[in-house]
Amino acid sequence: MSKKLRLAAIGAVAAVGLTACGGGGAGSGGGNDTANANPEDLTIGVAMPTQTSERWIADGNNVKSQLEDAGYQVDLQYANDDIPTQSQQIDQMITEGADLLIIAAIDGTALSGQLQAAADANIPVISYDRLIRDSENVDFYVTFDNFAVGQAQATALLTGLGVLDADGNRTDAAGPFNIELFAGSLDDNNAFFFFNGAMDVLQPLIDDGTLVVPSGQTDIEQAATLRWQQETAQSRMETLLTGSYNNGTVLNGVLSPYDGISRGIITALQNAGYGPALASTPRPLPVVTGQDAEIASVKLIQDGVQSSTIFKDTRNLAEQAVTAAKAFLEGDEPEANDTETYDNGVKVVPSYLLPVQTVYAADIQSVLIDSGYYTQEEVDAGQTN
Ligand code: GAL
């Protein structure tokens, strides 16, 4: 169907001859041959990284159902966090005649070949949540304000430590507080935005001695967690505890960029004897931040184990992706609200950034339950139905 459409369009161009072409070819971001098609005749390939993290399952489901509601056919694929698998899935989407691609990359630097093939076939590409780097063939980027995520994580850490009050003002708590820093996967552009946003808030307090990082590991390369994996984070936390806290030094807070990483950190801490966060226990659990409001972590927040998370409403991200997809398929350009921040190494990609919200225990009801994101039963169970 859609493949035929494109072949027909290619045929039409060939029939008109070369005079009008002037060497333009594909690539100005418009799959114009789709503008007059029925949505039912168009297929959108959606490439998601993994099903091991529930946020990407929610993203995939939201994008698929919203595209289907708009009448499009959807080819949704998960790649098990395996780079070759994701490359093959995208190759296949292109050869099977996808009319547009929505991609959340595993390795943001590994898809240049696929994106070139997409551009050659005049298929618009929307980068979903994670920026695809090193390619001029990224047509649009839908994401959250990732620098603000990092700032919010650092602010939540400081609030949990009592360095900031609920209004964000400095208290007279002078510290020093011992903290450790975790970052995401270095092949994910977002990891740098989160870490840099956090350090924007934390560095002045490290410099003035309010915060101390006993391990000394303050570079993103030292703090990174390949593929954002829980087990990797757990094992780094164990190493940090053995290396820097065996002498009785007490850890007060951990900057964690993602709920899966937070759960790995918390497991390591509990195994090492850090107890529930009660003032009476000698080693209360440190303040641990997070991101994504994954259901297992929301339960931990409700139970007072994890301190906070950053909620990114994936329903809204899916909606932006669908809006952008429709615009391209109708021959228009999607509306960007940021045309400066996301340089992918080749060009600044026009982007639509969504706002984020910090969630502490007291916010679960108003932010997550009242909005219908989770039910109270799901939070109590720590899993979705
Ligand atoms: C990032 C994303 C985060 C988190 C992380 C691990 O790219 O922005 O929200 O999901 O991946 O999956």
# chains A, B, ... in the order shown; residues from 1 in each chain; ligands from 1
$ residues_near_ligand --ligand "ligand 1" --cutoff "9 Å" --atoms "only C-alpha atoms and all ligand atoms" --output "count of residues only"
35
$ select_by_dssp --residues "stretch 32-264 of chain A" --states "strand (DSSP E or B)" --output "PyMOL selection string"
chain A and resi 43-48+73-78+100-103+125-128+140-144+164+170+177-181+211-212+253-255
$ closest_atom_pairs --of "stretch 150-220 of chain A" --to "stretch 236-248 of chain A" --cutoff "9 Å" --atoms "only C-alpha atoms" --output "JSON lines"
{"residue": "A:Glu180", "atom": "CA", "partner": "A:Leu240", "partner_atom": "CA", "distance": 8.4}
{"residue": "A:Pro214", "atom": "CA", "partner": "A:Ser244", "partner_atom": "CA", "distance": 6.2}
{"residue": "A:Ser215", "atom": "CA", "partner": "A:Ser244", "partner_atom": "CA", "distance": 5.7}
$ closest_residue --among "A:Val63, A:Ile369, A:Ala70, A:Val349" --to "A:Asp139" --atoms "only C-alpha atoms"
A:Val349
$ residues_around --residues "stretch 108-123 of chain A" --least-positions-apart "5" --cutoff "7 Å" --atoms "only C-alpha atoms" --output "NGL selection string"
:A and (26-27 or 31 or 87 or 90-91 or 94 or 99-100 or 131-135 or 137 or 187-189)
$ write_last_selection --atoms "C-alpha atoms" --output "mmCIF file, in the first residue's frame"
data_model
loop_
_atom_site.group_PDB
_atom_site.id
_atom_site.type_symbol
_atom_site.label_atom_id
_atom_site.label_comp_id
_atom_site.auth_asym_id
_atom_site.auth_seq_id
_atom_site.Cartn_x
_atom_site.Cartn_y
_atom_site.Cartn_z
ATOM 1 C CA ALA A 26 14.962 13.902 -0.869
ATOM 2 C CA GLY A 27 15.580 15.527 2.371
ATOM 3 C CA GLY A 31 7.273 13.153 2.633
ATOM 4 C CA SER A 87 19.401 -1.132 13.237
ATOM 5 C CA ILE A 90 14.720 0.182 11.178
ATOM 6 C CA ASP A 91 16.255 -1.198 7.957
ATOM 7 C CA ILE A 94 12.348 1.236 5.457
ATOM 8 C CA ASP A 99 6.050 6.408 5.452
ATOM 9 C CA LEU A 100 7.551 7.930 8.587
ATOM 10 C CA LEU A 131 18.382 12.770 20.217
ATOM 11 C CA ILE A 132 19.879 10.850 17.301
ATOM 12 C CA ARG A 133 23.342 12.295 16.785
ATOM 13 C CA ASP A 134 25.785 12.698 13.900
ATOM 14 C CA SER A 135 23.179 12.754 11.134
ATOM 15 C CA ASN A 137 18.618 13.364 8.495
ATOM 16 C CA ASP A 187 25.693 6.820 24.257
ATOM 17 C CA ASP A 188 22.460 8.592 25.183
ATOM 18 C CA ASN A 189 22.612 12.339 24.609
#
$ residues_around --residues "stretch 149-160 of chain A" --least-positions-apart "3" --cutoff "7 Å" --atoms "only C-alpha atoms" --output "list in words"
Asp145, Asn146, Val163, Leu164, Asp165, Ala166, Phe193, Phe194, Phe195, Asn196, Gly197, Ala198, Asp200, Val201, Leu202, Gly253, Leu255, Val287, Val288, Thr289, Gly290, Ser307, Ser308, Ile310, Val356 and Thr358 of chain A
$ closest_residue --among "A:Val138, A:Ile364, A:Ala336, A:Ala296" --to "A:Gln383" --atoms "only C-alpha atoms"
A:Ala296
$ atom_distance --atom1 "atom CA of A:Asn344" --atom2 "atom CA of A:Phe140"
11.3 Å
$ closest_residue --among "A:Ile179, A:Arg315, A:Leu161, A:Asp107" --to "A:Asn61" --atoms "only C-alpha atoms"
A:Arg315
$ atom_distance --atom1 "atom CA of A:Gly175" --atom2 "atom CA of A:Gln222"
24.2 Å
$ select_by_dssp --residues "stretch 90-157 of chain A" --states "alpha helix (DSSP H)" --output "ChimeraX atom specification"
/A:90-95,112-120,146-157
$ atom_distance --atom1 "atom CA of A:Gly60" --atom2 "atom CA of A:Leu76"
7.0 Å
$ closest_residue --among "A:Thr267, A:Thr314, A:Leu285, A:Tyr141" --to "A:Asn337" --atoms "only C-alpha atoms"
A:Tyr141
$ residues_around --residues "A:Gln365" --least-positions-apart "6" --cutoff "12 Å" --atoms "only C-alpha atoms" --output "PyMOL selection string"
chain A and resi 298-299+301-302+359+371-377+379-380
$ write_last_selection --atoms "C-alpha atoms" --output "CSV table (one decimal), in the first residue's frame"
chain,number,residue,atom,x,y,z
A,298,VAL,CA,6.5,5.3,43.0
A,299,LYS,CA,5.7,2.6,45.6
A,301,ILE,CA,8.5,6.8,47.3
A,302,GLN,CA,5.2,6.1,49.0
A,359,VAL,CA,7.2,14.0,42.6
A,371,SER,CA,-4.2,12.7,36.4
A,372,GLY,CA,-5.1,9.0,35.8
A,373,TYR,CA,-1.5,8.0,35.2
A,374,TYR,CA,-1.7,5.3,37.9
A,375,THR,CA,-4.4,4.1,40.3
A,376,GLN,CA,-3.8,4.0,44.0
A,377,GLU,CA,-4.0,0.2,43.8
A,379,VAL,CA,0.9,2.3,43.5
A,380,ASP,CA,0.2,0.1,46.5
$ closest_residue --among "A:Leu300, A:Ala174, A:Ala47, A:Leu354" --to "A:Ser127" --atoms "only C-alpha atoms"
A:Ala47
$ decode --residues "stretch 239-253 of chain A" --atoms "all heavy atoms" --output "PDB file, in the first residue's frame"
ATOM      1  N   THR A 239      30.657  -0.993  45.046  1.00  0.00           N
ATOM      2  CA  THR A 239      32.081  -0.655  44.995  1.00  0.00           C
ATOM      3  C   THR A 239      32.361   0.662  45.721  1.00  0.00           C
ATOM      4  O   THR A 239      33.352   0.791  46.451  1.00  0.00           O
ATOM      5  CB  THR A 239      32.533  -0.543  43.516  1.00  0.00           C
ATOM      6  OG1 THR A 239      32.138  -1.739  42.848  1.00  0.00           O
ATOM      7  CG2 THR A 239      34.022  -0.349  43.396  1.00  0.00           C
ATOM      8  N   LEU A 240      31.479   1.624  45.537  1.00  0.00           N
ATOM      9  CA  LEU A 240      31.671   2.914  46.210  1.00  0.00           C
ATOM     10  C   LEU A 240      31.607   2.738  47.728  1.00  0.00           C
ATOM     11  O   LEU A 240      32.402   3.319  48.472  1.00  0.00           O
ATOM     12  CB  LEU A 240      30.605   3.916  45.771  1.00  0.00           C
ATOM     13  CG  LEU A 240      30.686   4.413  44.309  1.00  0.00           C
ATOM     14  CD1 LEU A 240      29.475   5.285  43.976  1.00  0.00           C
ATOM     15  CD2 LEU A 240      31.974   5.197  44.077  1.00  0.00           C
ATOM     16  N   LEU A 241      30.653   1.919  48.172  1.00  0.00           N
ATOM     17  CA  LEU A 241      30.494   1.725  49.621  1.00  0.00           C
ATOM     18  C   LEU A 241      31.735   1.061  50.213  1.00  0.00           C
ATOM     19  O   LEU A 241      32.227   1.462  51.272  1.00  0.00           O
ATOM     20  CB  LEU A 241      29.250   0.873  49.912  1.00  0.00           C
ATOM     21  CG  LEU A 241      27.898   1.583  49.698  1.00  0.00           C
ATOM     22  CD1 LEU A 241      26.741   0.603  49.829  1.00  0.00           C
ATOM     23  CD2 LEU A 241      27.733   2.746  50.679  1.00  0.00           C
ATOM     24  N   THR A 242      32.251   0.061  49.493  1.00  0.00           N
ATOM     25  CA  THR A 242      33.451  -0.611  50.001  1.00  0.00           C
ATOM     26  C   THR A 242      34.652   0.327  49.958  1.00  0.00           C
ATOM     27  O   THR A 242      35.468   0.356  50.882  1.00  0.00           O
ATOM     28  CB  THR A 242      33.800  -1.842  49.131  1.00  0.00           C
ATOM     29  OG1 THR A 242      32.600  -2.393  48.628  1.00  0.00           O
ATOM     30  CG2 THR A 242      34.555  -2.888  49.883  1.00  0.00           C
ATOM     31  N   GLY A 243      34.743   1.094  48.906  1.00  0.00           N
ATOM     32  CA  GLY A 243      35.938   1.921  48.713  1.00  0.00           C
ATOM     33  C   GLY A 243      35.976   3.153  49.600  1.00  0.00           C
ATOM     34  O   GLY A 243      37.049   3.561  50.064  1.00  0.00           O
ATOM     35  N   SER A 244      34.821   3.778  49.829  1.00  0.00           N
ATOM     36  CA  SER A 244      34.858   5.092  50.478  1.00  0.00           C
ATOM     37  C   SER A 244      34.071   5.188  51.774  1.00  0.00           C
ATOM     38  O   SER A 244      34.096   6.239  52.419  1.00  0.00           O
ATOM     39  CB  SER A 244      34.335   6.163  49.513  1.00  0.00           C
ATOM     40  OG  SER A 244      35.042   6.120  48.296  1.00  0.00           O
ATOM     41  N   TYR A 245      33.352   4.117  52.146  1.00  0.00           N
ATOM     42  CA  TYR A 245      32.476   4.244  53.331  1.00  0.00           C
ATOM     43  C   TYR A 245      32.736   3.176  54.377  1.00  0.00           C
ATOM     44  O   TYR A 245      32.007   3.060  55.356  1.00  0.00           O
ATOM     45  CB  TYR A 245      30.996   4.235  52.889  1.00  0.00           C
ATOM     46  CG  TYR A 245      30.683   5.446  52.022  1.00  0.00           C
ATOM     47  CD1 TYR A 245      30.936   5.424  50.659  1.00  0.00           C
ATOM     48  CD2 TYR A 245      30.179   6.607  52.586  1.00  0.00           C
ATOM     49  CE1 TYR A 245      30.697   6.532  49.864  1.00  0.00           C
ATOM     50  CE2 TYR A 245      29.931   7.733  51.805  1.00  0.00           C
ATOM     51  CZ  TYR A 245      30.191   7.676  50.441  1.00  0.00           C
ATOM     52  OH  TYR A 245      29.957   8.786  49.674  1.00  0.00           O
ATOM     53  N   ASN A 246      33.791   2.377  54.169  1.00  0.00           N
ATOM     54  CA  ASN A 246      34.099   1.301  55.113  1.00  0.00           C
ATOM     55  C   ASN A 246      34.611   1.812  56.446  1.00  0.00           C
ATOM     56  O   ASN A 246      34.579   1.109  57.445  1.00  0.00           O
ATOM     57  CB  ASN A 246      35.149   0.358  54.505  1.00  0.00           C
ATOM     58  CG  ASN A 246      34.484  -0.924  54.053  1.00  0.00           C
ATOM     59  OD1 ASN A 246      33.291  -1.107  54.305  1.00  0.00           O
ATOM     60  ND2 ASN A 246      35.240  -1.798  53.408  1.00  0.00           N
ATOM     61  N   ASN A 247      35.064   3.064  56.435  1.00  0.00           N
ATOM     62  CA  ASN A 247      35.671   3.618  57.646  1.00  0.00           C
ATOM     63  C   ASN A 247      34.663   4.337  58.536  1.00  0.00           C
ATOM     64  O   ASN A 247      35.037   5.142  59.370  1.00  0.00           O
ATOM     65  CB  ASN A 247      36.763   4.602  57.244  1.00  0.00           C
ATOM     66  CG  ASN A 247      36.207   5.657  56.300  1.00  0.00           C
ATOM     67  OD1 ASN A 247      35.014   5.645  55.989  1.00  0.00           O
ATOM     68  ND2 ASN A 247      37.042   6.567  55.852  1.00  0.00           N
ATOM     69  N   GLY A 248      33.347   4.084  58.276  1.00  0.00           N
ATOM     70  CA  GLY A 248      32.343   4.727  59.120  1.00  0.00           C
ATOM     71  C   GLY A 248      31.763   5.999  58.523  1.00  0.00           C
ATOM     72  O   GLY A 248      30.813   6.568  59.059  1.00  0.00           O
ATOM     73  N   THR A 249      32.325   6.449  57.428  1.00  0.00           N
ATOM     74  CA  THR A 249      31.749   7.604  56.742  1.00  0.00           C
ATOM     75  C   THR A 249      30.321   7.264  56.342  1.00  0.00           C
ATOM     76  O   THR A 249      30.062   6.173  55.831  1.00  0.00           O
ATOM     77  CB  THR A 249      32.567   7.929  55.462  1.00  0.00           C
ATOM     78  OG1 THR A 249      33.930   8.085  55.845  1.00  0.00           O
ATOM     79  CG2 THR A 249      32.070   9.181  54.777  1.00  0.00           C
ATOM     80  N   VAL A 250      29.392   8.162  56.583  1.00  0.00           N
ATOM     81  CA  VAL A 250      27.978   7.894  56.293  1.00  0.00           C
ATOM     82  C   VAL A 250      27.554   8.646  55.033  1.00  0.00           C
ATOM     83  O   VAL A 250      27.863   9.828  54.861  1.00  0.00           O
ATOM     84  CB  VAL A 250      27.087   8.294  57.496  1.00  0.00           C
ATOM     85  CG1 VAL A 250      25.613   8.225  57.127  1.00  0.00           C
ATOM     86  CG2 VAL A 250      27.381   7.376  58.683  1.00  0.00           C
ATOM     87  N   LEU A 251      26.884   7.913  54.166  1.00  0.00           N
ATOM     88  CA  LEU A 251      26.410   8.509  52.916  1.00  0.00           C
ATOM     89  C   LEU A 251      25.040   9.155  53.155  1.00  0.00           C
ATOM     90  O   LEU A 251      24.128   8.509  53.663  1.00  0.00           O
ATOM     91  CB  LEU A 251      26.310   7.388  51.870  1.00  0.00           C
ATOM     92  CG  LEU A 251      25.772   7.749  50.480  1.00  0.00           C
ATOM     93  CD1 LEU A 251      26.659   8.802  49.805  1.00  0.00           C
ATOM     94  CD2 LEU A 251      25.727   6.489  49.610  1.00  0.00           C
ATOM     95  N   ASN A 252      24.913  10.405  52.755  1.00  0.00           N
ATOM     96  CA  ASN A 252      23.652  11.124  53.007  1.00  0.00           C
ATOM     97  C   ASN A 252      22.746  11.238  51.784  1.00  0.00           C
ATOM     98  O   ASN A 252      21.525  11.387  51.933  1.00  0.00           O
ATOM     99  CB  ASN A 252      23.941  12.547  53.507  1.00  0.00           C
ATOM    100  CG  ASN A 252      24.826  12.569  54.733  1.00  0.00           C
ATOM    101  OD1 ASN A 252      25.941  13.086  54.713  1.00  0.00           O
ATOM    102  ND2 ASN A 252      24.344  11.966  55.814  1.00  0.00           N
ATOM    103  N   GLY A 253      23.328  11.214  50.602  1.00  0.00           N
ATOM    104  CA  GLY A 253      22.472  11.411  49.430  1.00  0.00           C
ATOM    105  C   GLY A 253      23.098  10.857  48.170  1.00  0.00           C
ATOM    106  O   GLY A 253      24.319  10.767  48.054  1.00  0.00           O
TER     107      GLY A 253
END
